[in-house]
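structure_0.csv (CSV, C-alpha atoms)
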chain,number,residue,atom,x,y,z
A,26,MET,CA,0.0,0.0,0.0
A,27,ALA,CA,1.4,3.4,-1.0
A,28,THR,CA,2.5,5.7,1.9
A,29,ALA,CA,1.0,9.1,2.3
A,30,ALA,CA,4.3,10.6,1.2
A,31,ALA,CA,4.3,8.5,-2.0
A,32,VAL,CA,0.7,9.4,-2.8
A,33,GLU,CA,1.5,13.1,-2.3
A,34,ALA,CA,4.6,12.7,-4.5
A,35,GLN,CA,2.3,11.4,-7.3
A,36,ARG,CA,-0.2,14.2,-7.0
A,37,PRO,CA,-0.2,16.5,-10.1
A,38,GLU,CA,0.9,20.1,-9.8
A,39,ASP,CA,-1.8,22.6,-8.9
A,40,GLU,CA,-1.6,24.1,-12.4
A,41,THR,CA,-2.4,20.6,-13.8
A,42,LEU,CA,-5.4,20.4,-11.5
A,43,ARG,CA,-6.6,23.8,-12.5
A,44,CYS,CA,-6.3,22.8,-16.2
A,45,TRP,CA,-8.3,19.6,-15.5
A,46,GLU,CA,-11.0,21.7,-13.8
A,47,ARG,CA,-11.2,24.1,-16.8
A,48,ASP,CA,-11.5,21.1,-19.2
A,49,GLN,CA,-14.3,19.6,-17.1
A,50,ALA,CA,-16.2,22.9,-17.1
A,51,GLN,CA,-15.8,23.4,-20.8
A,52,LEU,CA,-16.9,19.8,-21.6
A,53,LYS,CA,-19.7,19.9,-19.1
A,54,ALA,CA,-21.4,22.6,-21.2
A,55,ASP,CA,-22.0,19.9,-23.9
A,56,VAL,CA,-23.7,17.4,-21.6
A,57,THR,CA,-27.3,16.6,-22.5
A,58,GLU,CA,-29.5,15.1,-19.7
A,59,GLN,CA,-32.5,14.3,-21.8
A,60,ASP,CA,-33.4,11.4,-24.1
A,61,THR,CA,-32.1,12.0,-27.6
A,62,GLU,CA,-32.8,8.7,-29.4
A,63,GLU,CA,-36.1,7.2,-30.5
A,64,TRP,CA,-35.4,3.8,-28.8
A,65,GLN,CA,-35.1,5.6,-25.4
A,66,ARG,CA,-38.7,6.7,-25.6
A,67,ASP,CA,-40.1,3.2,-26.2
A,68,PRO,CA,-41.3,1.3,-23.1
A,69,SER,CA,-39.3,-1.8,-24.2
A,70,PHE,CA,-36.5,0.1,-25.9
A,71,ALA,CA,-37.5,-1.2,-29.3
A,72,GLY,CA,-34.7,-0.3,-31.8
A,73,LEU,CA,-31.9,-0.8,-29.3
A,74,GLU,CA,-29.7,-3.7,-30.4
A,75,ARG,CA,-26.2,-3.0,-29.0
A,76,VAL,CA,-25.2,-2.0,-25.5
A,77,GLY,CA,-21.5,-1.3,-24.7
A,78,GLY,CA,-19.6,-1.5,-21.4
A,79,VAL,CA,-16.2,-0.3,-20.5
A,80,ASP,CA,-13.8,-0.9,-17.6
A,81,LEU,CA,-10.1,-0.6,-16.7
A,82,SER,CA,-8.5,-3.3,-14.5
A,83,TYR,CA,-5.1,-2.9,-13.0
A,84,VAL,CA,-2.3,-5.5,-12.6
A,85,LYS,CA,-2.1,-6.5,-9.0
A,86,GLY,CA,0.5,-4.4,-7.2
A,87,ASP,CA,1.0,-2.1,-10.1
A,88,ASP,CA,-1.2,1.1,-10.4
A,89,ARG,CA,0.3,2.0,-13.8
A,90,SER,CA,-0.2,-1.2,-15.8
A,91,ALA,CA,-3.8,-1.8,-16.7
A,92,CYS,CA,-6.1,-3.5,-19.2
A,93,ALA,CA,-8.6,-1.3,-20.9
A,94,SER,CA,-11.7,-3.2,-22.0
A,95,LEU,CA,-14.7,-2.5,-24.2
A,96,VAL,CA,-17.4,-5.0,-24.8
A,97,VAL,CA,-20.6,-4.8,-26.9
A,98,LEU,CA,-23.5,-6.9,-26.0
A,99,SER,CA,-26.7,-7.7,-28.0
A,100,TYR,CA,-29.9,-6.3,-26.6
A,101,PRO,CA,-32.1,-7.6,-25.1
A,102,ASP,CA,-30.3,-11.0,-25.1
A,103,LEU,CA,-27.1,-9.6,-23.6
A,104,GLU,CA,-24.8,-11.9,-25.6
A,105,VAL,CA,-21.2,-10.7,-26.3
A,106,LEU,CA,-20.9,-9.5,-29.9
A,107,TYR,CA,-17.5,-7.8,-29.6
A,108,GLU,CA,-14.6,-7.4,-27.2
A,109,ASP,CA,-11.4,-5.3,-27.2
A,110,CYS,CA,-8.9,-5.8,-24.4
A,111,ARG,CA,-5.6,-4.0,-24.5
A,112,MET,CA,-2.8,-3.4,-22.0
A,113,VAL,CA,-2.0,0.3,-21.4
A,114,VAL,CA,0.4,2.3,-19.3
A,115,VAL,CA,-1.4,4.8,-17.0
A,116,HIS,CA,0.6,7.9,-16.4
A,117,ALA,CA,-1.9,10.2,-14.7
A,118,PRO,CA,-2.2,9.6,-10.9
A,119,TYR,CA,-5.5,9.0,-9.3
A,120,VAL,CA,-7.0,12.2,-7.8
A,121,ALA,CA,-10.6,12.1,-6.5
A,122,GLY,CA,-12.9,13.9,-8.9
A,123,PHE,CA,-10.5,13.5,-11.9
A,124,LEU,CA,-10.7,9.8,-12.7
A,125,ALA,CA,-11.5,10.5,-16.3
A,126,PHE,CA,-8.1,12.1,-16.9
A,127,ARG,CA,-6.5,8.9,-15.7
A,128,GLU,CA,-8.7,6.3,-17.5
A,129,ALA,CA,-11.0,7.9,-20.2
A,130,PRO,CA,-8.4,8.3,-23.0
A,131,PHE,CA,-7.8,4.6,-23.2
A,132,LEU,CA,-11.6,3.9,-23.3
A,133,VAL,CA,-12.2,6.5,-25.9
A,134,GLU,CA,-9.5,5.0,-28.0
A,135,ALA,CA,-11.2,1.6,-27.7
A,136,VAL,CA,-14.4,3.0,-29.0
A,137,GLN,CA,-12.5,4.7,-31.9
A,138,ARG,CA,-10.9,1.4,-32.9
A,139,LEU,CA,-14.3,-0.3,-33.0
A,140,GLU,CA,-15.7,2.6,-35.1
A,141,GLU,CA,-12.8,2.2,-37.5
A,142,HIS,CA,-12.6,-1.6,-37.9
A,143,GLN,CA,-16.2,-2.8,-37.2
A,144,PRO,CA,-18.5,0.2,-37.4
A,145,GLY,CA,-21.6,-2.0,-37.6
A,146,LEU,CA,-21.0,-3.1,-34.0
A,147,ARG,CA,-20.8,0.5,-32.6
A,148,PRO,CA,-22.8,0.5,-29.4
A,149,GLN,CA,-25.9,2.7,-29.2
A,150,VAL,CA,-25.3,3.4,-25.5
A,151,LEU,CA,-22.3,3.0,-23.2
A,152,LEU,CA,-22.4,1.9,-19.6
A,153,ALA,CA,-19.4,3.1,-17.5
A,154,ASP,CA,-18.1,1.9,-14.2
A,155,GLY,CA,-18.3,5.2,-12.4
A,156,ASN,CA,-20.4,8.3,-12.0
A,157,GLY,CA,-21.9,10.9,-14.4
A,158,ILE,CA,-23.4,14.1,-13.1
A,159,LEU,CA,-23.2,12.7,-9.6
A,160,HIS,CA,-19.8,14.2,-9.1
A,161,HIS,CA,-17.9,16.9,-7.3
A,162,ARG,CA,-18.3,19.3,-10.2
A,163,GLY,CA,-21.1,17.5,-12.0
A,164,PHE,CA,-18.9,15.9,-14.6
A,165,GLY,CA,-17.8,12.4,-13.9
A,166,ILE,CA,-16.2,9.8,-16.1
A,167,ALA,CA,-19.5,8.8,-17.7
A,168,CYS,CA,-20.1,12.4,-18.8
A,169,HIS,CA,-16.6,12.6,-20.1
A,170,LEU,CA,-16.9,9.4,-22.2
A,171,GLY,CA,-20.3,10.5,-23.5
A,172,VAL,CA,-19.2,13.9,-24.6
A,173,LEU,CA,-16.0,12.7,-26.2
A,174,THR,CA,-17.5,9.7,-28.0
A,175,GLY,CA,-20.9,11.3,-28.8
A,176,LEU,CA,-22.6,8.2,-27.4
A,177,PRO,CA,-25.4,8.1,-24.9
A,178,CYS,CA,-23.7,7.2,-21.7
A,179,ILE,CA,-24.8,6.1,-18.2
A,180,GLY,CA,-22.7,6.1,-15.0
A,181,VAL,CA,-23.1,3.0,-12.8
A,182,ALA,CA,-21.2,3.1,-9.5
A,183,LYS,CA,-21.0,0.4,-6.9
A,184,ASN,CA,-20.3,2.8,-4.0
A,185,LEU,CA,-22.0,6.1,-3.1
A,186,LEU,CA,-20.0,9.2,-3.9
A,187,GLN,CA,-20.5,11.4,-0.9
A,188,VAL,CA,-20.8,14.8,-2.4
A,189,ASP,CA,-23.3,17.7,-2.2
A,190,GLY,CA,-25.0,16.5,1.0
A,191,LEU,CA,-25.1,12.8,0.1
A,192,ALA,CA,-23.8,10.6,2.9
A,193,ASN,CA,-23.6,7.0,3.7
A,194,ASP,CA,-25.3,7.6,7.0
A,195,GLU,CA,-28.0,5.7,8.9
A,196,LEU,CA,-30.8,7.3,6.9
A,197,HIS,CA,-29.2,6.1,3.7
A,198,LYS,CA,-28.7,2.6,5.1
A,199,GLU,CA,-32.4,2.6,6.1
A,200,GLN,CA,-33.4,3.6,2.5
A,201,ILE,CA,-31.3,0.7,1.2
A,202,ARG,CA,-33.1,-1.7,3.6
A,203,ASP,CA,-36.4,-0.5,2.2
A,204,LEU,CA,-35.5,-1.7,-1.3
A,205,GLU,CA,-37.5,-4.9,-1.1
A,206,ALA,CA,-37.4,-6.2,-4.7
A,207,GLY,CA,-35.3,-6.0,-7.8
A,208,GLY,CA,-36.1,-2.7,-9.6
A,209,ASP,CA,-36.9,-0.7,-6.5
A,210,THR,CA,-35.2,2.7,-6.3
A,211,PHE,CA,-34.8,5.9,-4.3
A,212,PRO,CA,-33.5,9.3,-5.5
A,213,LEU,CA,-30.2,10.7,-4.5
A,214,LEU,CA,-30.9,14.3,-3.5
A,215,SER,CA,-28.4,17.1,-3.3
A,216,THR,CA,-28.5,19.7,-0.5
A,217,SER,CA,-30.5,22.0,-2.9
A,218,GLY,CA,-33.0,19.2,-3.6
A,219,ARG,CA,-31.8,18.4,-7.1
A,220,ILE,CA,-31.9,14.7,-8.0
A,221,LEU,CA,-28.3,13.7,-8.8
A,222,GLY,CA,-29.0,10.0,-9.5
A,223,MET,CA,-30.9,7.0,-8.3
A,224,ALA,CA,-30.0,4.1,-6.0
A,225,LEU,CA,-31.3,0.9,-7.7
A,226,ARG,CA,-31.7,-2.6,-6.3
A,227,SER,CA,-30.7,-4.1,-9.6
A,228,SER,CA,-31.3,-7.8,-8.7
A,229,ALA,CA,-33.3,-9.7,-6.2
A,230,LYS,CA,-30.1,-11.7,-5.6
A,231,SER,CA,-28.3,-8.7,-4.2
A,232,THR,CA,-29.3,-6.4,-1.3
A,233,LYS,CA,-26.6,-3.8,-2.2
A,234,PRO,CA,-27.8,-1.2,-4.7
A,235,VAL,CA,-25.9,0.4,-7.6
A,236,TYR,CA,-25.9,4.1,-8.0
A,237,ILE,CA,-27.0,5.4,-11.4
A,238,SER,CA,-26.4,8.8,-12.8
A,239,VAL,CA,-26.8,10.5,-16.2
A,240,GLY,CA,-23.7,10.6,-18.3
A,241,HIS,CA,-24.8,12.1,-21.6
A,242,LYS,CA,-27.8,12.0,-24.0
A,243,MET,CA,-30.1,10.1,-21.8
A,244,SER,CA,-32.7,10.9,-19.1
A,245,LEU,CA,-32.3,9.5,-15.6
A,246,GLN,CA,-35.6,7.6,-15.9
A,247,SER,CA,-34.5,5.9,-19.1
A,248,ALA,CA,-31.1,5.2,-17.7
A,249,VAL,CA,-32.5,3.4,-14.6
A,250,ARG,CA,-34.9,1.3,-16.8
A,251,LEU,CA,-32.1,0.3,-19.1
A,252,VAL,CA,-29.6,-0.6,-16.4
A,253,HIS,CA,-32.2,-2.7,-14.6
A,254,SER,CA,-33.0,-4.5,-17.8
A,255,CYS,CA,-29.3,-5.3,-18.3
A,256,CYS,CA,-28.8,-6.9,-14.9
A,257,LYS,CA,-28.5,-10.6,-14.4
A,258,TYR,CA,-26.7,-9.9,-11.2
A,259,ARG,CA,-25.9,-6.8,-9.2
A,260,VAL,CA,-23.6,-5.1,-11.8
A,261,PRO,CA,-25.2,-4.6,-15.3
A,262,GLU,CA,-23.9,-7.2,-17.7
A,263,PRO,CA,-22.0,-4.8,-20.1
A,264,ILE,CA,-19.8,-3.6,-17.3
A,265,ARG,CA,-19.6,-7.0,-15.7
A,266,GLN,CA,-18.4,-8.6,-18.9
A,267,ALA,CA,-15.9,-5.8,-19.5
A,268,ASP,CA,-14.5,-6.3,-16.0
A,269,ILE,CA,-14.4,-10.1,-16.3
A,270,ARG,CA,-12.7,-10.0,-19.7
A,271,SER,CA,-10.1,-7.4,-18.7
A,272,ARG,CA,-9.1,-9.4,-15.6
A,273,GLU,CA,-8.9,-12.6,-17.6
A,274,TYR,CA,-6.7,-10.9,-20.2
A,275,ILE,CA,-4.4,-9.7,-17.4
A,276,ARG,CA,-4.3,-13.2,-15.9
A,277,LYS,CA,-3.5,-14.9,-19.2
A,278,HIS,CA,-1.1,-12.3,-20.8
A,279,VAL,CA,0.6,-10.6,-18.0
A,280,GLU,CA,0.6,-12.5,-14.7
A,281,ALA,CA,1.4,-15.8,-16.5
A,282,THR,CA,4.4,-14.1,-18.2
A,283,LEU,CA,5.6,-12.7,-14.9
A,284,SER,CA,5.2,-16.1,-13.2
A,285,ALA,CA,7.2,-17.7,-16.0
A,286,LEU,CA,10.0,-15.1,-15.6
A,287,SER,CA,10.2,-15.7,-11.9
A,288,GLN,CA,10.8,-19.5,-12.3
A,289,PRO,CA,14.4,-20.6,-11.8
A,290,VAL,CA,16.2,-21.7,-15.0
A,291,ARG,CA,16.7,-25.4,-15.2
A,292,MET,CA,20.1,-26.4,-16.6
A,293,SER,CA,20.8,-29.6,-18.4
A,294,GLU,CA,23.5,-31.9,-17.2
A,295,ASP,CA,26.1,-30.7,-19.6
A,296,THR,CA,25.0,-27.0,-19.6
A,297,GLY,CA,27.2,-26.1,-16.7
A,298,SER,CA,30.1,-28.4,-17.7
A,299,GLU,CA,33.4,-26.9,-18.8
A,300,GLN,CA,33.9,-26.5,-22.5
Could you quickly redo this structure as structure tokens?
Amino acid sequence: MATAAAVEAQRPEDETLRCWERDQAQLKADVTEQDTEEWQRDPSFAGLERVGGVDLSYVKGDDRSACASLVVLSYPDLEVLYEDCRMVVVHAPYVAGFLAFREAPFLVEAVQRLEEHQPGLRPQVLLADGNGILHHRGFGIACHLGVLTGLPCIGVAKNLLQVDGLANDELHKEQIRDLEAGGDTFPLLSTSGRILGMALRSSAKSTKPVYISVGHKMSLQSAVRLVHSCCKYRVPEPIRQADIRSREYIRKHVEATLSALSQPVRMSEDTGSEQ
């Protein structure tokens, strides 16, 4: 585990953080929080055929080596149509509120590769492991990805981001206990009363909710309906498959190699003999 001094040493300069804040503010102006596609307005999402999911998994013990993963699933069957896993070197450090500057470039590149090589499989909506407008400055990684790719995008987080009056306090825990069935929700209200997202019990098999927020080009109501329809388990299948496949890619292509390199070299009987 990194020491406090090591974490501080990795922190970007104040000028970099100010640039990131300016970039977020500029891109935020392009976010659309309403439905923009015909299929979004249909009760059963008729016309939606492809749902994408993205994730970044890190090599154990190395916060710079990661696998960026994009999957595209059929809808409503949720069968994998396409996957792209690629090892990347992450240079930007993690700073709360600026995750997109660390991870989004690799995920945007994955979408661009798909558009170039197999445009017929371009997803009609993207699900991101993280937040959208539920964010310190109202512009999380799901917003970032949506604006940069032009795709409708939804943020799906496993943990509550405690900003703008949101807190994982006893009241919040009581609201979670009141989610009795899969599909039950409650709103995430800011101090001013604005709805920043929804807590969703995504599956009857899990009592832990996921936290959904608008990323881009989709209303919160439609985002919640779609995420719920994509859940076989707690985490929606597009994100779940992206996570599974990125971790498997690391296991097969990286950790296996590291393991082989760490094995002692076996010498034949005459290898060490004098010549």
With only C-alpha atoms as the counted atoms, please give the residues lying no more than 10 Å from Glu74 (chain A), apart from itself and same-chain residues fewer than 2 positions off, as a VMD selection string.
chain A and resid 64 70 to 72 76 97 to 103 146 148 to 150
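The interatomic distance for the pair CA of Gly78 (chain A) and CA of Val279 (chain A) works out to 22.4 Å.
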Here is a test: counting all atoms listed in the file, which residue of A:Leu185, A:Leu52, A:Leu225, A:Ala117 is nearest to Ser254 (chain A)?
A:Leu225
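Across the model, the gap from CA of Thr174 (chain A) to CA of Ser82 (chain A) is 20.8 Å.
Counting all atoms listed in the file, the residue from A:Val56, A:Val120, A:Val84, A:Leu106 that sits nearest to Tyr274 (chain A) is A:Val84.
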Polymer residues at most 8 Å from Val249 (chain A), only C-alpha atoms, same-chain spacing of 4 or more positions, as a PyMOL selection string:
chain A and resi 223+225+237+245+253
Skipping near chain neighbours, those fewer than 6 positions away, what residues fall within 7 Å of Ile158 (chain A) using only C-alpha atoms, listed as a PDB file with C-alpha atoms, keeping the file's coordinate frame?
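Resulting contents of part27.pdb:
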ATOM      1  CA  PHE A 164     -18.900  15.900 -14.600  1.00  0.00           C
ATOM      2  CA  GLY A 165     -17.800  12.400 -13.900  1.00  0.00           C
ATOM      3  CA  CYS A 168     -20.100  12.400 -18.800  1.00  0.00           C
ATOM      4  CA  LEU A 221     -28.300  13.700  -8.800  1.00  0.00           C
ATOM      5  CA  SER A 238     -26.400   8.800 -12.800  1.00  0.00           C
ATOM      6  CA  VAL A 239     -26.800  10.500 -16.200  1.00  0.00           C
ATOM      7  CA  GLY A 240     -23.700  10.600 -18.300  1.00  0.00           C
TER       8      GLY A 240
END
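Nearest to Arg276 (chain A) of all the residues A:Arg43, A:His142, A:Arg66, A:Lys85 is A:Lys85, based on only C-alpha atoms.
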All residues 6 Å or closer to region 258-273 of chain A, only C-alpha atoms, same chain fewer than 2 positions away omitted, as a PDB file with C-alpha atoms, in the coordinates of the input:
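The result, written out as result-v1.pdb:
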ATOM      1  CA  GLY A  77     -21.500  -1.300 -24.700  1.00  0.00           C
ATOM      2  CA  GLY A  78     -19.600  -1.500 -21.400  1.00  0.00           C
ATOM      3  CA  VAL A  79     -16.200  -0.300 -20.500  1.00  0.00           C
ATOM      4  CA  ASP A  80     -13.800  -0.900 -17.600  1.00  0.00           C
ATOM      5  CA  CYS A  92      -6.100  -3.500 -19.200  1.00  0.00           C
ATOM      6  CA  SER A  94     -11.700  -3.200 -22.000  1.00  0.00           C
ATOM      7  CA  LEU A  95     -14.700  -2.500 -24.200  1.00  0.00           C
ATOM      8  CA  VAL A  96     -17.400  -5.000 -24.800  1.00  0.00           C
ATOM      9  CA  SER A 227     -30.700  -4.100  -9.600  1.00  0.00           C
ATOM     10  CA  SER A 228     -31.300  -7.800  -8.700  1.00  0.00           C
ATOM     11  CA  SER A 231     -28.300  -8.700  -4.200  1.00  0.00           C
ATOM     12  CA  CYS A 255     -29.300  -5.300 -18.300  1.00  0.00           C
ATOM     13  CA  CYS A 256     -28.800  -6.900 -14.900  1.00  0.00           C
ATOM     14  CA  ILE A 275      -4.400  -9.700 -17.400  1.00  0.00           C
ATOM     15  CA  ARG A 276      -4.300 -13.200 -15.900  1.00  0.00           C
TER      16      ARG A 276
END
